[in-house]
Amino acid sequence: MSTSWPRSLWLLRHGQSAGNVARDAAESGGLAVIDLSWRDIDVPLSDLGVAQCTAVGDWFAQLPEAERPEVVLCSPYLRAKETARLIVEGGRFGRPNMKLRLDERLREKEFGILDRLTKVGIQQKHPELNEQRLHVGKFYFRPPGGESWCDVILRLRSLLEMVTREYADRRVLVVAHQVIVNCMRYLLEHMDEQQILEIDRQGDVPNCAITSYRAQRRHEEDEALQLDLVNFVAPLREAATPVTTAPDRPVAPKP
């Protein structure tokens, strides 16, 4: 059976959040715990994050209307919802036909017992888990109460089935988180564990960076997505907006 993909698919990490800022402060201060009063789902954008989203919205607005997203799928986390709202408003996406859909399968990876801990905090409070993670690798390691990358990929397989079923030949923007972007790339580009972890080791996905794909017909009844842009941050640089790459949440050191 052939698969009908969206005509265009953009993957976008949310703008810089207050959590990113708090994490940087905790890491630079050598603290074990990140000082955040919000639940992870309620962490808002920082002022810089708002500026980043505005720059990306302006970039989308410069595209011909027939090339802008007509469907937006978004993580239910506040920083992602704020990102989507600002980009939709600034990008002048077509209304009233534009669809904005929140989907819990796009939520941030759940860190369980390691939530809000810095690298130092993980090493101090859970040295045995730190050792296990370094041995197993982040692709398969599942912290107590949390998820591995495989767990995230499982829910994204379901999401992609929905996308091909409901949004074939549409222009779709996905607004989510760093791990979501990487795991979506793993699925769309048919990677293995070593390939996606090598990409992860090369650096974090910048806030508001765009990775995009375009549908291409390979055979008479065979359609595939062709990688177009990877971590595209030109809209931020054109707007003289700082590019930030801090991870969403604290995790143990990269293996």
# chains A, B, ... in the order shown; residues from 1 in each chain; ligands from 1
>>> residues_around(residues="Ala18 in chain A", least_positions_apart="2", cutoff="9 Å", atoms="only C-alpha atoms", output="ChimeraX atom specification")
/A:16,20-23,36,43-47,49,79
>>> residues_around(residues="range 65-69 of chain A", least_positions_apart="3", cutoff="9 Å", atoms="only C-alpha atoms", output="number ranges by chain")
A: 8-10, 60-62, 72, 88, 91-94, 98, 170-173
>>> write_last_selection(atoms="C-alpha atoms", output="compact mmCIF listing (two decimals), in the first residue's frame")
# COMPACT_ATOMS: atom_id res chain seq x y z
CA SER A 8 5.45 19.98 2.86
CA LEU A 9 6.38 19.11 6.44
CA TRP A 10 8.19 21.46 8.82
CA PHE A 60 6.87 32.35 6.94
CA ALA A 61 4.97 35.54 6.03
CA GLN A 62 7.49 36.19 3.25
CA VAL A 72 -0.25 23.17 12.64
CA VAL A 88 0.66 31.58 13.12
CA GLY A 91 3.18 34.22 9.45
CA ARG A 92 -0.33 35.24 8.38
CA PHE A 93 -1.33 31.63 7.80
CA GLY A 94 -4.53 31.28 5.81
CA MET A 98 -5.95 26.85 8.88
CA ARG A 170 -1.33 19.27 2.87
CA ARG A 171 1.32 21.67 4.20
CA VAL A 172 1.96 20.71 7.84
CA LEU A 173 3.97 22.47 10.56
>>> residues_around(residues="range 143-147 of chain A", least_positions_apart="6", cutoff="7 Å", atoms="only C-alpha atoms", output="count of residues only")
5
>>> atom_distance(atom1="CA of Asp228 in chain A", atom2="CA of Thr164 in chain A")
18.7 Å
>>> atom_distance(atom1="CA of Lys138 in chain A", atom2="CA of Phe232 in chain A")
25.1 Å
>>> select_by_dssp(residues="range 52-186 of chain A", states="strand (DSSP E or B)", output="number ranges by chain")
A: 71-74, 99-102, 117, 171-176
>>> residues_around(residues="Trp149 in chain A", least_positions_apart="2", cutoff="6 Å", atoms="only C-alpha atoms", output="list in words")
Phe139, Asp151 and Val152 of chain A
>>> write_last_selection(atoms="N, CA, C and O atoms", output="CSV table (one decimal), in the first residue's frame")
chain,number,residue,atom,x,y,z
A,139,PHE,N,19.2,6.1,24.0
A,139,PHE,CA,18.2,5.6,23.1
A,139,PHE,C,17.3,4.6,23.8
A,139,PHE,O,16.1,4.5,23.6
A,151,ASP,N,10.5,4.9,23.6
A,151,ASP,CA,9.2,5.2,24.0
A,151,ASP,C,8.6,6.4,23.3
A,151,ASP,O,7.4,6.4,22.8
A,152,VAL,N,9.4,7.4,23.1
A,152,VAL,CA,9.0,8.6,22.3
A,152,VAL,C,8.7,8.2,20.9
A,152,VAL,O,7.7,8.6,20.3
>>> closest_residue(among="A:Leu134, A:Val230, A:Met184, A:Val175", to="Leu156 in chain A", atoms="only C-alpha atoms")
A:Met184
>>> closest_residue(among="A:Leu117, A:Val71, A:Gln216, A:Cys208", to="Thr241 in chain A", atoms="only C-alpha atoms")
A:Cys208
>>> residues_around(residues="Leu129 in chain A", least_positions_apart="5", cutoff="12 Å", atoms="only C-alpha atoms", output="mmCIF file with all heavy atoms, in the first residue's frame")
data_model
loop_
_atom_site.group_PDB
_atom_site.id
_atom_site.type_symbol
_atom_site.label_atom_id
_atom_site.label_comp_id
_atom_site.auth_asym_id
_atom_site.auth_seq_id
_atom_site.Cartn_x
_atom_site.Cartn_y
_atom_site.Cartn_z
ATOM 1 N N GLY A 112 10.943 11.593 34.344
ATOM 2 C CA GLY A 112 10.706 10.822 35.554
ATOM 3 C C GLY A 112 11.484 11.328 36.752
ATOM 4 O O GLY A 112 11.498 12.520 37.052
ATOM 5 N N ILE A 113 12.178 10.428 37.430
ATOM 6 C CA ILE A 113 12.878 10.752 38.667
ATOM 7 C C ILE A 113 14.023 11.749 38.448
ATOM 8 O O ILE A 113 14.469 12.409 39.396
ATOM 9 C CB ILE A 113 13.417 9.451 39.311
ATOM 10 C CG1 ILE A 113 13.767 9.669 40.780
ATOM 11 C CG2 ILE A 113 14.608 8.924 38.542
ATOM 12 C CD1 ILE A 113 14.135 8.386 41.493
ATOM 13 N N LEU A 114 14.467 11.916 37.196
ATOM 14 C CA LEU A 114 15.564 12.837 36.902
ATOM 15 C C LEU A 114 15.085 14.255 36.580
ATOM 16 O O LEU A 114 15.906 15.132 36.314
ATOM 17 C CB LEU A 114 16.394 12.312 35.715
ATOM 18 C CG LEU A 114 16.970 10.904 35.879
ATOM 19 C CD1 LEU A 114 17.816 10.539 34.672
ATOM 20 C CD2 LEU A 114 17.788 10.794 37.169
ATOM 21 N N LYS A 119 23.191 17.947 35.396
ATOM 22 C CA LYS A 119 24.126 16.832 35.268
ATOM 23 C C LYS A 119 24.772 16.532 36.620
ATOM 24 O O LYS A 119 24.925 15.372 37.007
ATOM 25 C CB LYS A 119 25.193 17.170 34.228
ATOM 26 C CG LYS A 119 24.649 17.343 32.822
ATOM 27 C CD LYS A 119 25.743 17.792 31.867
ATOM 28 C CE LYS A 119 25.186 18.040 30.481
ATOM 29 N NZ LYS A 119 26.228 18.526 29.539
ATOM 30 N N GLY A 121 23.486 17.204 39.547
ATOM 31 C CA GLY A 121 22.458 16.642 40.413
ATOM 32 C C GLY A 121 22.225 15.165 40.161
ATOM 33 O O GLY A 121 22.037 14.385 41.103
ATOM 34 N N ILE A 122 22.230 14.770 38.894
ATOM 35 C CA ILE A 122 22.050 13.360 38.564
ATOM 36 C C ILE A 122 23.206 12.528 39.114
ATOM 37 O O ILE A 122 23.016 11.463 39.705
ATOM 38 C CB ILE A 122 21.923 13.170 37.042
ATOM 39 C CG1 ILE A 122 20.640 13.839 36.537
ATOM 40 C CG2 ILE A 122 21.920 11.687 36.674
ATOM 41 C CD1 ILE A 122 20.529 13.897 35.030
ATOM 42 N N GLN A 123 24.409 13.035 38.924
ATOM 43 C CA GLN A 123 25.588 12.316 39.410
ATOM 44 C C GLN A 123 25.596 12.205 40.927
ATOM 45 O O GLN A 123 25.995 11.178 41.481
ATOM 46 C CB GLN A 123 26.849 13.011 38.916
ATOM 47 C CG GLN A 123 27.020 12.943 37.402
ATOM 48 C CD GLN A 123 28.046 13.924 36.874
ATOM 49 O OE1 GLN A 123 28.603 14.721 37.632
ATOM 50 N NE2 GLN A 123 28.304 13.883 35.578
ATOM 51 N N GLN A 124 25.115 13.249 41.626
ATOM 52 C CA GLN A 124 25.132 13.243 43.082
ATOM 53 C C GLN A 124 23.998 12.410 43.674
ATOM 54 O O GLN A 124 24.207 11.637 44.605
ATOM 55 C CB GLN A 124 25.034 14.685 43.603
ATOM 56 C CG GLN A 124 26.271 15.524 43.371
ATOM 57 C CD GLN A 124 26.109 16.943 43.896
ATOM 58 O OE1 GLN A 124 25.006 17.356 44.288
ATOM 59 N NE2 GLN A 124 27.189 17.702 43.908
ATOM 60 N N LEU A 134 24.846 5.716 31.013
ATOM 61 C CA LEU A 134 26.059 5.781 30.213
ATOM 62 C C LEU A 134 26.362 4.425 29.565
ATOM 63 O O LEU A 134 26.876 4.364 28.444
ATOM 64 C CB LEU A 134 27.240 6.230 31.078
ATOM 65 C CG LEU A 134 27.201 7.680 31.567
ATOM 66 C CD1 LEU A 134 28.355 7.956 32.521
ATOM 67 C CD2 LEU A 134 27.229 8.644 30.382
ATOM 68 N N HIS A 135 26.018 3.353 30.266
ATOM 69 C CA HIS A 135 26.254 2.012 29.732
ATOM 70 C C HIS A 135 25.246 1.653 28.643
ATOM 71 O O HIS A 135 25.619 1.163 27.566
ATOM 72 C CB HIS A 135 26.191 0.983 30.863
ATOM 73 C CG HIS A 135 26.293 -0.436 30.390
ATOM 74 N ND1 HIS A 135 27.444 -0.975 29.865
ATOM 75 C CD2 HIS A 135 25.357 -1.439 30.356
ATOM 76 C CE1 HIS A 135 27.230 -2.226 29.516
ATOM 77 N NE2 HIS A 135 25.978 -2.536 29.807
ATOM 78 N N VAL A 136 23.965 1.904 28.910
ATOM 79 C CA VAL A 136 22.899 1.511 27.982
ATOM 80 C C VAL A 136 22.794 2.489 26.811
ATOM 81 O O VAL A 136 22.535 2.091 25.672
ATOM 82 C CB VAL A 136 21.554 1.413 28.730
ATOM 83 C CG1 VAL A 136 20.403 1.156 27.771
ATOM 84 C CG2 VAL A 136 21.621 0.323 29.789
ATOM 85 N N GLY A 137 22.999 3.792 27.084
ATOM 86 C CA GLY A 137 22.810 4.823 26.065
ATOM 87 C C GLY A 137 21.405 5.383 26.123
ATOM 88 O O GLY A 137 20.445 4.690 26.468
ATOM 89 N N LYS A 138 21.264 6.663 25.762
ATOM 90 C CA LYS A 138 19.976 7.345 25.929
ATOM 91 C C LYS A 138 18.883 6.785 25.017
ATOM 92 O O LYS A 138 17.700 6.956 25.297
ATOM 93 C CB LYS A 138 20.140 8.840 25.671
ATOM 94 C CG LYS A 138 20.480 9.223 24.241
ATOM 95 C CD LYS A 138 20.349 10.717 24.006
ATOM 96 C CE LYS A 138 21.290 11.516 24.869
ATOM 97 N NZ LYS A 138 21.217 12.965 24.581
ATOM 98 N N PHE A 141 17.753 3.799 27.369
ATOM 99 C CA PHE A 141 17.657 3.997 28.817
ATOM 100 C C PHE A 141 16.354 4.697 29.186
ATOM 101 O O PHE A 141 16.005 5.740 28.645
ATOM 102 C CB PHE A 141 18.832 4.836 29.317
ATOM 103 C CG PHE A 141 18.721 5.194 30.775
ATOM 104 C CD1 PHE A 141 18.868 4.232 31.760
ATOM 105 C CD2 PHE A 141 18.437 6.502 31.161
ATOM 106 C CE1 PHE A 141 18.754 4.551 33.103
ATOM 107 C CE2 PHE A 141 18.322 6.837 32.498
ATOM 108 C CZ PHE A 141 18.475 5.861 33.472
ATOM 109 N N ARG A 142 15.629 4.078 30.137
ATOM 110 C CA ARG A 142 14.365 4.640 30.633
ATOM 111 C C ARG A 142 14.515 4.910 32.128
ATOM 112 O O ARG A 142 14.542 3.986 32.932
ATOM 113 C CB ARG A 142 13.216 3.679 30.392
ATOM 114 C CG ARG A 142 11.857 4.214 30.912
ATOM 115 C CD ARG A 142 10.789 3.146 30.871
ATOM 116 N NE ARG A 142 10.458 2.770 29.508
ATOM 117 C CZ ARG A 142 10.341 1.512 29.084
ATOM 118 N NH1 ARG A 142 10.571 0.508 29.921
ATOM 119 N NH2 ARG A 142 10.009 1.246 27.832
ATOM 120 N N PRO A 143 14.581 6.200 32.537
ATOM 121 C CA PRO A 143 14.671 6.491 33.969
ATOM 122 C C PRO A 143 13.368 6.108 34.662
ATOM 123 O O PRO A 143 12.299 6.114 34.030
ATOM 124 C CB PRO A 143 14.887 8.011 34.005
ATOM 125 C CG PRO A 143 14.294 8.513 32.732
ATOM 126 C CD PRO A 143 14.528 7.430 31.718
ATOM 127 N N PRO A 144 13.416 5.752 35.926
ATOM 128 C CA PRO A 144 12.184 5.406 36.645
ATOM 129 C C PRO A 144 11.142 6.520 36.507
ATOM 130 O O PRO A 144 11.409 7.682 36.780
ATOM 131 C CB PRO A 144 12.653 5.267 38.095
ATOM 132 C CG PRO A 144 14.090 4.855 37.972
ATOM 133 C CD PRO A 144 14.621 5.598 36.787
ATOM 134 N N VAL A 251 19.494 16.516 31.433
ATOM 135 C CA VAL A 251 19.704 15.082 31.256
ATOM 136 C C VAL A 251 21.142 14.761 31.590
ATOM 137 O O VAL A 251 21.981 15.648 31.711
ATOM 138 C CB VAL A 251 19.415 14.654 29.782
ATOM 139 C CG1 VAL A 251 17.963 14.857 29.446
ATOM 140 C CG2 VAL A 251 20.286 15.432 28.809
ATOM 141 N N ALA A 252 21.437 13.495 31.751
ATOM 142 C CA ALA A 252 22.805 13.090 32.059
ATOM 143 C C ALA A 252 23.709 13.386 30.879
ATOM 144 O O ALA A 252 23.235 13.609 29.766
ATOM 145 C CB ALA A 252 22.826 11.596 32.391
ATOM 146 N N PRO A 253 25.009 13.409 31.075
ATOM 147 C CA PRO A 253 25.936 13.743 29.993
ATOM 148 C C PRO A 253 25.752 12.833 28.788
ATOM 149 O O PRO A 253 25.395 11.665 28.913
ATOM 150 C CB PRO A 253 27.307 13.534 30.645
ATOM 151 C CG PRO A 253 27.072 13.656 32.111
ATOM 152 C CD PRO A 253 25.697 13.128 32.343
#
>>> atom_distance(atom1="CA of Glu193 in chain A", atom2="CA of Val233 in chain A")
25.9 Å
>>> select_by_dssp(residues="range 96-130 of chain A", states="helix (DSSP H, G or I)", output="list in words")
Glu104, Arg105, Leu106, Gly112, Ile113, Leu114, Lys119, Val120, Gly121, Ile122, Gln123, Gln124, Lys125, Pro127, Glu128, Leu129 and Asn130 of chain A
>>> closest_residue(among="A:Ser212, A:Asn182, A:Thr118, A:Thr245", to="Leu11 in chain A", atoms="only C-alpha atoms")
A:Ser212
